[in-house]
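What follows is the content of data_21.csv (CSV, N, CA and C atoms).
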```csv
chain,number,residue,atom,x,y,z
A,1,MET,N,-33.0,-3.3,-10.0
A,1,MET,CA,-32.4,-4.0,-8.9
A,1,MET,C,-31.0,-4.5,-9.3
A,2,GLY,N,-30.9,-5.0,-10.6
A,2,GLY,CA,-29.6,-5.5,-11.0
A,2,GLY,C,-28.5,-4.4,-11.1
A,3,ARG,N,-29.0,-3.2,-11.5
A,3,ARG,CA,-28.0,-2.1,-11.6
A,3,ARG,C,-27.5,-1.7,-10.2
A,4,THR,N,-28.4,-1.7,-9.2
A,4,THR,CA,-28.0,-1.4,-7.9
A,4,THR,C,-27.0,-2.4,-7.3
A,5,ILE,N,-27.3,-3.7,-7.6
A,5,ILE,CA,-26.4,-4.7,-7.1
A,5,ILE,C,-25.0,-4.6,-7.8
A,6,ALA,N,-25.0,-4.4,-9.1
A,6,ALA,CA,-23.7,-4.2,-9.8
A,6,ALA,C,-22.9,-3.0,-9.3
A,7,ILE,N,-23.6,-1.9,-9.0
A,7,ILE,CA,-22.9,-0.7,-8.5
A,7,ILE,C,-22.3,-1.0,-7.1
A,8,LEU,N,-23.1,-1.7,-6.2
A,8,LEU,CA,-22.6,-2.0,-4.9
A,8,LEU,C,-21.5,-3.0,-4.9
A,9,VAL,N,-21.6,-4.0,-5.8
A,9,VAL,CA,-20.5,-4.9,-5.9
A,9,VAL,C,-19.2,-4.2,-6.4
A,10,ALA,N,-19.3,-3.3,-7.4
A,10,ALA,CA,-18.2,-2.6,-7.9
A,10,ALA,C,-17.6,-1.8,-6.8
A,11,ARG,N,-18.4,-1.1,-6.0
A,11,ARG,CA,-17.9,-0.3,-4.9
A,11,ARG,C,-17.1,-1.2,-3.9
A,12,LEU,N,-17.7,-2.4,-3.6
A,12,LEU,CA,-17.0,-3.3,-2.7
A,12,LEU,C,-15.7,-3.8,-3.2
A,13,ILE,N,-15.6,-4.0,-4.5
A,13,ILE,CA,-14.4,-4.4,-5.1
A,13,ILE,C,-13.3,-3.3,-5.0
A,14,PHE,N,-13.7,-2.1,-5.4
A,14,PHE,CA,-12.8,-1.0,-5.2
A,14,PHE,C,-12.3,-0.9,-3.8
A,15,ALA,N,-13.2,-0.9,-2.9
A,15,ALA,CA,-12.9,-0.8,-1.4
A,15,ALA,C,-12.0,-1.9,-1.0
A,16,GLY,N,-12.3,-3.1,-1.4
A,16,GLY,CA,-11.5,-4.3,-1.1
A,16,GLY,C,-10.1,-4.3,-1.6
A,17,LEU,N,-9.9,-3.8,-2.8
A,17,LEU,CA,-8.6,-3.8,-3.4
A,17,LEU,C,-7.7,-2.8,-2.6
A,18,PHE,N,-8.3,-1.6,-2.3
A,18,PHE,CA,-7.5,-0.6,-1.6
A,18,PHE,C,-7.3,-1.0,-0.2
A,19,ALA,N,-8.3,-1.7,0.4
A,19,ALA,CA,-8.1,-2.2,1.8
A,19,ALA,C,-7.0,-3.2,1.9
A,20,MET,N,-6.9,-4.1,0.9
A,20,MET,CA,-5.8,-5.0,0.9
A,20,MET,C,-4.5,-4.3,0.7
A,21,ALA,N,-4.4,-3.4,-0.2
A,21,ALA,CA,-3.2,-2.6,-0.4
A,21,ALA,C,-2.8,-1.9,0.9
A,22,ALA,N,-3.7,-1.3,1.6
A,22,ALA,CA,-3.4,-0.6,2.8
A,22,ALA,C,-3.0,-1.6,3.9
A,23,ALA,N,-3.6,-2.7,4.0
A,23,ALA,CA,-3.3,-3.7,5.0
A,23,ALA,C,-1.9,-4.2,4.8
A,24,PHE,N,-1.5,-4.5,3.5
A,24,PHE,CA,-0.2,-5.0,3.2
A,24,PHE,C,0.9,-3.9,3.6
A,25,LYS,N,0.5,-2.7,3.4
A,25,LYS,CA,1.5,-1.6,3.7
A,25,LYS,C,1.6,-1.5,5.2
A,26,VAL,N,0.5,-1.5,5.9
A,26,VAL,CA,0.6,-1.4,7.4
A,26,VAL,C,1.3,-2.6,8.0
A,27,MET,N,1.0,-3.8,7.5
A,27,MET,CA,1.7,-5.0,8.1
A,27,MET,C,3.1,-5.1,7.7
A,28,GLY,N,3.5,-4.5,6.6
A,28,GLY,CA,4.9,-4.6,6.1
A,28,GLY,C,5.4,-3.3,5.7
A,29,MET,N,5.3,-2.3,6.6
A,29,MET,CA,5.7,-0.9,6.3
A,29,MET,C,7.2,-0.8,5.8
A,30,GLU,N,8.0,-1.6,6.5
A,30,GLU,CA,9.5,-1.5,6.1
A,30,GLU,C,9.7,-2.1,4.7
A,31,ASP,N,9.0,-3.2,4.4
A,31,ASP,CA,9.1,-3.8,3.1
A,31,ASP,C,8.6,-2.8,2.0
A,32,THR,N,7.5,-2.2,2.3
A,32,THR,CA,6.9,-1.2,1.4
A,32,THR,C,7.9,0.0,1.2
A,33,ALA,N,8.5,0.4,2.3
A,33,ALA,CA,9.5,1.5,2.2
A,33,ALA,C,10.7,1.1,1.4
A,34,GLN,N,11.1,-0.1,1.5
A,34,GLN,CA,12.3,-0.6,0.7
A,34,GLN,C,11.9,-0.6,-0.8
A,35,TYR,N,10.7,-1.0,-1.1
A,35,TYR,CA,10.2,-1.0,-2.5
A,35,TYR,C,10.2,0.4,-3.0
A,36,ILE,N,9.7,1.3,-2.2
A,36,ILE,CA,9.6,2.7,-2.7
A,36,ILE,C,11.0,3.3,-2.8
A,37,ALA,N,11.9,3.0,-1.9
A,37,ALA,CA,13.3,3.4,-2.0
A,37,ALA,C,14.0,2.9,-3.3
A,38,ALA,N,13.7,1.6,-3.6
A,38,ALA,CA,14.3,1.0,-4.8
A,38,ALA,C,13.9,1.6,-6.1
A,39,ALA,N,12.7,2.3,-6.0
A,39,ALA,CA,12.2,3.0,-7.2
A,39,ALA,C,12.8,4.4,-7.3
A,40,GLY,N,13.6,4.8,-6.3
A,40,GLY,CA,14.3,6.0,-6.3
A,40,GLY,C,13.6,7.2,-5.6
A,41,PHE,N,12.6,6.9,-4.8
A,41,PHE,CA,11.9,8.0,-4.2
A,41,PHE,C,12.5,8.3,-2.8
A,42,PRO,N,12.6,9.6,-2.4
A,42,PRO,CA,13.1,10.0,-1.1
A,42,PRO,C,12.1,9.7,0.0
A,43,PHE,N,12.5,9.7,1.2
A,43,PHE,CA,11.6,9.5,2.4
A,43,PHE,C,10.7,8.4,2.2
A,44,PRO,N,11.2,7.2,2.0
A,44,PRO,CA,10.3,6.0,1.6
A,44,PRO,C,9.4,5.6,2.8
A,45,LEU,N,9.8,5.7,4.0
A,45,LEU,CA,8.9,5.3,5.1
A,45,LEU,C,7.8,6.3,5.2
A,46,PHE,N,8.1,7.6,5.1
A,46,PHE,CA,7.0,8.6,5.1
A,46,PHE,C,6.0,8.4,4.0
A,47,LEU,N,6.6,8.1,2.8
A,47,LEU,CA,5.7,7.9,1.6
A,47,LEU,C,4.8,6.7,1.8
A,48,ALA,N,5.4,5.6,2.4
A,48,ALA,CA,4.6,4.4,2.6
A,48,ALA,C,3.5,4.7,3.5
A,49,GLY,N,3.7,5.4,4.6
A,49,GLY,CA,2.7,5.8,5.5
A,49,GLY,C,1.6,6.6,4.9
A,50,CYS,N,2.0,7.6,4.0
A,50,CYS,CA,1.1,8.5,3.3
A,50,CYS,C,0.2,7.6,2.4
A,51,ALA,N,0.8,6.7,1.7
A,51,ALA,CA,0.1,5.8,0.8
A,51,ALA,C,-0.9,5.0,1.6
A,52,ALA,N,-0.6,4.4,2.7
A,52,ALA,CA,-1.5,3.7,3.5
A,52,ALA,C,-2.7,4.5,4.0
A,53,VAL,N,-2.4,5.7,4.4
A,53,VAL,CA,-3.5,6.6,4.9
A,53,VAL,C,-4.4,7.0,3.7
A,54,PHE,N,-3.8,7.3,2.6
A,54,PHE,CA,-4.6,7.6,1.4
A,54,PHE,C,-5.5,6.4,1.0
A,55,GLU,N,-4.9,5.2,1.0
A,55,GLU,CA,-5.7,4.1,0.6
A,55,GLU,C,-6.9,3.8,1.6
A,56,ILE,N,-6.6,4.0,2.8
A,56,ILE,CA,-7.7,3.9,3.8
A,56,ILE,C,-8.8,4.9,3.6
A,57,ALA,N,-8.4,6.1,3.3
A,57,ALA,CA,-9.4,7.2,2.9
A,57,ALA,C,-10.2,6.7,1.7
A,58,LEU,N,-9.6,6.2,0.7
A,58,LEU,CA,-10.3,5.7,-0.5
A,58,LEU,C,-11.3,4.6,-0.1
A,59,VAL,N,-10.9,3.7,0.8
A,59,VAL,CA,-11.8,2.6,1.2
A,59,VAL,C,-13.1,3.3,1.8
A,60,PHE,N,-12.9,4.2,2.7
A,60,PHE,CA,-14.1,4.9,3.3
A,60,PHE,C,-15.0,5.6,2.3
A,61,ALA,N,-14.3,6.2,1.3
A,61,ALA,CA,-15.1,6.9,0.3
A,61,ALA,C,-15.9,5.9,-0.6
A,62,PHE,N,-15.2,4.8,-1.0
A,62,PHE,CA,-15.9,3.8,-1.8
A,62,PHE,C,-17.0,3.1,-1.0
A,63,LEU,N,-16.8,2.8,0.2
A,63,LEU,CA,-17.8,2.2,1.0
A,63,LEU,C,-19.0,3.0,1.3
A,64,THR,N,-18.8,4.3,1.6
A,64,THR,CA,-19.9,5.2,2.0
A,64,THR,C,-20.5,6.0,0.8
A,65,GLY,N,-19.7,6.2,-0.2
A,65,GLY,CA,-20.2,7.0,-1.3
A,65,GLY,C,-19.9,8.5,-1.1
A,66,ALA,N,-19.4,8.8,0.1
A,66,ALA,CA,-19.0,10.2,0.3
A,66,ALA,C,-17.8,10.6,-0.5
A,67,PHE,N,-17.8,11.7,-1.1
A,67,PHE,CA,-16.7,12.2,-2.0
A,67,PHE,C,-16.3,11.1,-3.0
A,68,PHE,N,-17.3,10.4,-3.5
A,68,PHE,CA,-17.1,9.3,-4.3
A,68,PHE,C,-16.4,9.7,-5.6
A,69,VAL,N,-16.9,10.7,-6.3
A,69,VAL,CA,-16.4,11.1,-7.6
A,69,VAL,C,-14.9,11.6,-7.4
A,70,GLU,N,-14.7,12.4,-6.4
A,70,GLU,CA,-13.3,12.9,-6.1
A,70,GLU,C,-12.4,11.7,-5.8
A,71,ALA,N,-12.9,10.7,-5.0
A,71,ALA,CA,-12.1,9.6,-4.6
A,71,ALA,C,-11.8,8.7,-5.9
A,72,ALA,N,-12.7,8.5,-6.7
A,72,ALA,CA,-12.5,7.7,-8.0
A,72,ALA,C,-11.5,8.4,-8.9
A,73,LEU,N,-11.6,9.7,-9.0
A,73,LEU,CA,-10.6,10.5,-9.8
A,73,LEU,C,-9.2,10.4,-9.2
A,74,LEU,N,-9.1,10.7,-7.9
A,74,LEU,CA,-7.8,10.6,-7.2
A,74,LEU,C,-7.2,9.2,-7.3
A,75,ALA,N,-8.1,8.2,-7.1
A,75,ALA,CA,-7.6,6.8,-7.2
A,75,ALA,C,-7.1,6.5,-8.6
A,76,GLY,N,-7.8,7.0,-9.6
A,76,GLY,CA,-7.3,6.8,-11.0
A,76,GLY,C,-5.9,7.5,-11.2
A,77,ALA,N,-5.7,8.7,-10.7
A,77,ALA,CA,-4.4,9.3,-10.8
A,77,ALA,C,-3.3,8.5,-10.1
A,78,TYR,N,-3.7,8.1,-8.9
A,78,TYR,CA,-2.8,7.3,-8.1
A,78,TYR,C,-2.4,6.0,-8.8
A,79,VAL,N,-3.4,5.3,-9.3
A,79,VAL,CA,-3.1,4.0,-10.0
A,79,VAL,C,-2.2,4.2,-11.2
A,80,ILE,N,-2.4,5.3,-12.0
A,80,ILE,CA,-1.5,5.5,-13.1
A,80,ILE,C,-0.1,5.9,-12.7
A,81,PHE,N,0.0,6.7,-11.6
A,81,PHE,CA,1.3,7.0,-11.0
A,81,PHE,C,2.0,5.7,-10.7
A,82,LEU,N,1.3,4.8,-10.0
A,82,LEU,CA,1.9,3.6,-9.6
A,82,LEU,C,2.4,2.8,-10.8
A,83,ALA,N,1.6,2.8,-11.8
A,83,ALA,CA,1.9,2.0,-13.0
A,83,ALA,C,3.3,2.5,-13.6
A,84,PHE,N,3.4,3.8,-13.7
A,84,PHE,CA,4.6,4.3,-14.3
A,84,PHE,C,5.8,4.2,-13.3
A,85,ALA,N,5.6,4.5,-12.1
A,85,ALA,CA,6.7,4.5,-11.1
A,85,ALA,C,7.2,3.1,-10.8
A,86,PHE,N,6.4,2.1,-10.8
A,86,PHE,CA,6.8,0.8,-10.3
A,86,PHE,C,6.7,-0.3,-11.4
A,87,HIS,N,6.1,0.0,-12.5
A,87,HIS,CA,6.0,-1.1,-13.5
A,87,HIS,C,6.1,-0.5,-14.9
A,88,GLY,N,6.7,0.7,-15.0
A,88,GLY,CA,6.8,1.4,-16.3
A,88,GLY,C,7.8,0.8,-17.3
A,89,PRO,N,8.0,1.4,-18.4
A,89,PRO,CA,8.9,0.9,-19.4
A,89,PRO,C,10.3,0.6,-19.0
A,90,SER,N,10.8,1.3,-18.0
A,90,SER,CA,12.2,1.0,-17.5
A,90,SER,C,12.3,-0.4,-16.9
A,91,HIS,N,11.2,-1.0,-16.5
A,91,HIS,CA,11.1,-2.3,-15.8
A,91,HIS,C,10.9,-3.4,-16.8
A,92,TRP,N,10.5,-3.2,-18.0
A,92,TRP,CA,10.1,-4.2,-18.9
A,92,TRP,C,11.3,-5.1,-19.4
A,93,GLN,N,12.5,-4.5,-19.6
A,93,GLN,CA,13.6,-5.3,-20.0
A,93,GLN,C,14.0,-6.4,-19.0
A,94,ALA,N,14.0,-6.0,-17.7
A,94,ALA,CA,14.4,-7.0,-16.7
A,94,ALA,C,13.4,-8.0,-16.4
A,95,ASN,N,12.1,-7.7,-16.6
A,95,ASN,CA,11.0,-8.7,-16.3
A,95,ASN,C,9.8,-8.4,-17.2
A,96,GLN,N,9.6,-9.2,-18.2
A,96,GLN,CA,8.5,-9.0,-19.1
A,96,GLN,C,7.1,-9.0,-18.5
A,97,ALA,N,7.0,-9.6,-17.3
A,97,ALA,CA,5.7,-9.6,-16.6
A,97,ALA,C,5.4,-8.2,-16.1
A,98,GLU,N,6.3,-7.3,-16.0
A,98,GLU,CA,6.1,-6.0,-15.6
A,98,GLU,C,5.2,-5.3,-16.6
A,99,PHE,N,5.3,-5.6,-17.8
A,99,PHE,CA,4.4,-5.0,-18.8
A,99,PHE,C,2.9,-5.3,-18.5
A,100,GLY,N,2.7,-6.6,-18.2
A,100,GLY,CA,1.3,-7.0,-17.8
A,100,GLY,C,0.8,-6.2,-16.6
A,101,PHE,N,1.7,-6.1,-15.6
A,101,PHE,CA,1.3,-5.3,-14.4
A,101,PHE,C,1.0,-3.9,-14.8
A,102,PHE,N,1.8,-3.3,-15.7
A,102,PHE,CA,1.6,-1.9,-16.2
A,102,PHE,C,0.2,-1.8,-16.8
A,103,VAL,N,-0.1,-2.7,-17.7
A,103,VAL,CA,-1.3,-2.6,-18.5
A,103,VAL,C,-2.5,-2.8,-17.6
A,104,ASP,N,-2.4,-3.7,-16.6
A,104,ASP,CA,-3.5,-3.9,-15.6
A,104,ASP,C,-3.9,-2.6,-14.9
A,105,HIS,N,-3.0,-1.8,-14.7
A,105,HIS,CA,-3.3,-0.5,-14.0
A,105,HIS,C,-4.3,0.3,-14.9
A,106,PHE,N,-4.1,0.2,-16.2
A,106,PHE,CA,-5.0,1.0,-17.1
A,106,PHE,C,-6.4,0.4,-17.1
A,107,THR,N,-6.6,-0.9,-16.9
A,107,THR,CA,-7.9,-1.5,-16.9
A,107,THR,C,-8.6,-1.0,-15.5
A,108,PHE,N,-7.8,-0.9,-14.5
A,108,PHE,CA,-8.3,-0.4,-13.2
A,108,PHE,C,-8.7,1.1,-13.4
A,109,LEU,N,-7.9,1.8,-14.1
A,109,LEU,CA,-8.2,3.2,-14.3
A,109,LEU,C,-9.5,3.4,-15.1
A,110,ALA,N,-9.8,2.5,-16.1
A,110,ALA,CA,-11.0,2.5,-16.8
A,110,ALA,C,-12.2,2.4,-15.9
A,111,GLY,N,-12.1,1.4,-15.0
A,111,GLY,CA,-13.2,1.2,-14.0
A,111,GLY,C,-13.4,2.4,-13.1
A,112,LEU,N,-12.3,3.0,-12.7
A,112,LEU,CA,-12.4,4.2,-11.8
A,112,LEU,C,-13.0,5.4,-12.5
A,113,LEU,N,-12.6,5.6,-13.8
A,113,LEU,CA,-13.2,6.7,-14.5
A,113,LEU,C,-14.7,6.5,-14.8
A,114,TYR,N,-15.1,5.3,-15.1
A,114,TYR,CA,-16.5,4.9,-15.3
A,114,TYR,C,-17.2,5.2,-14.0
A,115,ALA,N,-16.7,4.8,-12.9
A,115,ALA,CA,-17.3,5.1,-11.6
A,115,ALA,C,-17.4,6.5,-11.3
A,116,ALA,N,-16.4,7.3,-11.6
A,116,ALA,CA,-16.4,8.7,-11.4
A,116,ALA,C,-17.5,9.4,-12.2
A,117,VAL,N,-17.7,9.0,-13.4
A,117,VAL,CA,-18.8,9.6,-14.3
A,117,VAL,C,-20.2,9.2,-13.8
A,118,HIS,N,-20.4,8.0,-13.3
A,118,HIS,CA,-21.7,7.5,-13.0
A,118,HIS,C,-22.0,7.6,-11.5
A,119,GLY,N,-21.0,7.9,-10.7
A,119,GLY,CA,-21.3,8.1,-9.2
A,119,GLY,C,-21.5,6.8,-8.5
A,120,PRO,N,-21.8,6.9,-7.2
A,120,PRO,CA,-21.9,5.8,-6.3
A,120,PRO,C,-23.2,5.1,-6.3
A,121,GLY,N,-24.2,5.5,-7.1
A,121,GLY,CA,-25.5,4.9,-7.2
A,121,GLY,C,-26.4,5.5,-6.2
A,122,GLU,N,-27.7,5.0,-6.2
A,122,GLU,CA,-28.7,5.6,-5.4
A,122,GLU,C,-28.9,5.0,-4.0
A,123,LYS,N,-28.3,3.8,-3.9
A,123,LYS,CA,-28.5,3.1,-2.6
A,123,LYS,C,-27.2,3.1,-1.8
A,124,LEU,N,-27.4,3.2,-0.5
A,124,LEU,CA,-26.2,3.1,0.4
A,124,LEU,C,-25.1,4.1,0.0
A,125,ALA,N,-25.5,5.3,-0.3
A,125,ALA,CA,-24.5,6.3,-0.7
A,125,ALA,C,-24.7,7.7,-0.1
A,126,LEU,N,-23.8,8.2,0.6
A,126,LEU,CA,-23.8,9.5,1.0
A,126,LEU,C,-23.6,10.4,-0.2
A,127,ARG,N,-24.4,11.4,-0.4
A,127,ARG,CA,-24.3,12.3,-1.5
A,127,ARG,C,-23.6,13.5,-1.1
A,128,THR,N,-22.4,13.4,-0.8
A,128,THR,CA,-21.6,14.6,-0.5
A,128,THR,C,-20.3,14.6,-1.4
A,129,GLY,N,-19.8,15.8,-1.5
A,129,GLY,CA,-18.6,16.0,-2.3
A,129,GLY,C,-18.7,17.2,-3.2
A,130,VAL,N,-17.6,17.7,-3.5
A,130,VAL,CA,-17.5,18.9,-4.3
A,130,VAL,C,-18.0,18.7,-5.7
A,131,MET,N,-17.8,17.5,-6.3
A,131,MET,CA,-18.1,17.3,-7.7
A,131,MET,C,-19.4,16.5,-7.8
A,132,TRP,N,-20.1,16.2,-6.7
A,132,TRP,CA,-21.3,15.4,-6.8
A,132,TRP,C,-22.4,16.2,-7.5
A,133,ARG,N,-23.0,15.5,-8.5
A,133,ARG,CA,-24.2,16.1,-9.2
A,133,ARG,C,-25.3,15.1,-9.2
A,134,ARG,N,-26.5,15.5,-9.2
A,134,ARG,CA,-27.6,14.6,-9.2
A,134,ARG,C,-28.1,14.4,-10.6
```
Would you put the structure from the file into structure tokens?
Amino acid sequence: MGRTIAILVARLIFAGLFAMAAAFKVMGMEDTAQYIAAAGFPFPLFLAGCAAVFEIALVFAFLTGAFFVEAALLAGAYVIFLAFAFHGPSHWQANQAEFGFFVDHFTFLAGLLYAAVHGPGEKLALRTGVMWRR
């Protein structure tokens, strides 16, 4: 019972974090686009929209368990991309706190990789996906 609760809480945390990120993007799409543009990426408004849609898809995957392994792996790649793109070494000189933000992304990656290996659990999980194994 404790294992099931821990897995469901972890899935809710993953979903909650990506839901908040998507909500902030949707509510402040222009601000997000400016942040993306400041990092040097082209088409910032388009990329902000893509990021919001991707994060919403991750929320559904983490809540339902559908394509869970794929979602966890893609989320891990996304989180590391964000670490380097927005908090990487080029940002550390201007603001030492950026190093902390950078490192935090790797702890998030560790959780996502662990989730990908162990799957969505046996309860409240759709068992679909290309990489799902029993």
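Rounded to one decimal, atom C of His118 of chain A and atom C of Met20 of chain A lie 24.4 Å from each other.
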message: Among chain A, which ones does DSSP assign to helix (DSSP H, G or I) (computed from the backbone)? Answer as a ChimeraX atom specification.
response: /A:2-27,29-38,44-64,68-87,89-92,97-118
message: Please compute the atom CA of Pro89 of chain A-atom C of His105 of chain A distance, one decimal, in Å.
response: 14.0 Å
field: Interatomic distance (Å, one decimal) between atom C of Val53 of chain A and atom N of Leu12 of chain A
entry: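 We find that atom C of Val53 of chain A and atom N of Leu12 of chain A lie 17.8 Å from each other.
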If we count only C-alpha atoms and set the cut-off at 12 Å, which residues sit around Thr107 of chain A, ignoring sequence neighbours fewer than 5 positions away in its own chain? Please answer as an mmCIF file with N, CA and C atoms, in the frame of the given file.
```
data_model
loop_
_atom_site.group_PDB
_atom_site.id
_atom_site.type_symbol
_atom_site.label_atom_id
_atom_site.label_comp_id
_atom_site.auth_asym_id
_atom_site.auth_seq_id
_atom_site.Cartn_x
_atom_site.Cartn_y
_atom_site.Cartn_z
ATOM 1 N N GLY A 76 -7.800 7.000 -9.600
ATOM 2 C CA GLY A 76 -7.300 6.800 -11.000
ATOM 3 C C GLY A 76 -5.900 7.500 -11.200
ATOM 4 N N VAL A 79 -3.400 5.300 -9.300
ATOM 5 C CA VAL A 79 -3.100 4.000 -10.000
ATOM 6 C C VAL A 79 -2.200 4.200 -11.200
ATOM 7 N N ILE A 80 -2.400 5.300 -12.000
ATOM 8 C CA ILE A 80 -1.500 5.500 -13.100
ATOM 9 C C ILE A 80 -0.100 5.900 -12.700
ATOM 10 N N ALA A 83 1.600 2.800 -11.800
ATOM 11 C CA ALA A 83 1.900 2.000 -13.000
ATOM 12 C C ALA A 83 3.300 2.500 -13.600
ATOM 13 N N GLY A 100 2.700 -6.600 -18.200
ATOM 14 C CA GLY A 100 1.300 -7.000 -17.800
ATOM 15 C C GLY A 100 0.800 -6.200 -16.600
ATOM 16 N N PHE A 101 1.700 -6.100 -15.600
ATOM 17 C CA PHE A 101 1.300 -5.300 -14.400
ATOM 18 C C PHE A 101 1.000 -3.900 -14.800
ATOM 19 N N PHE A 102 1.800 -3.300 -15.700
ATOM 20 C CA PHE A 102 1.600 -1.900 -16.200
ATOM 21 C C PHE A 102 0.200 -1.800 -16.800
ATOM 22 N N LEU A 112 -12.300 3.000 -12.700
ATOM 23 C CA LEU A 112 -12.400 4.200 -11.800
ATOM 24 C C LEU A 112 -13.000 5.400 -12.500
ATOM 25 N N LEU A 113 -12.600 5.600 -13.800
ATOM 26 C CA LEU A 113 -13.200 6.700 -14.500
ATOM 27 C C LEU A 113 -14.700 6.500 -14.800
ATOM 28 N N TYR A 114 -15.100 5.300 -15.100
ATOM 29 C CA TYR A 114 -16.500 4.900 -15.300
ATOM 30 C C TYR A 114 -17.200 5.200 -14.000
#
```
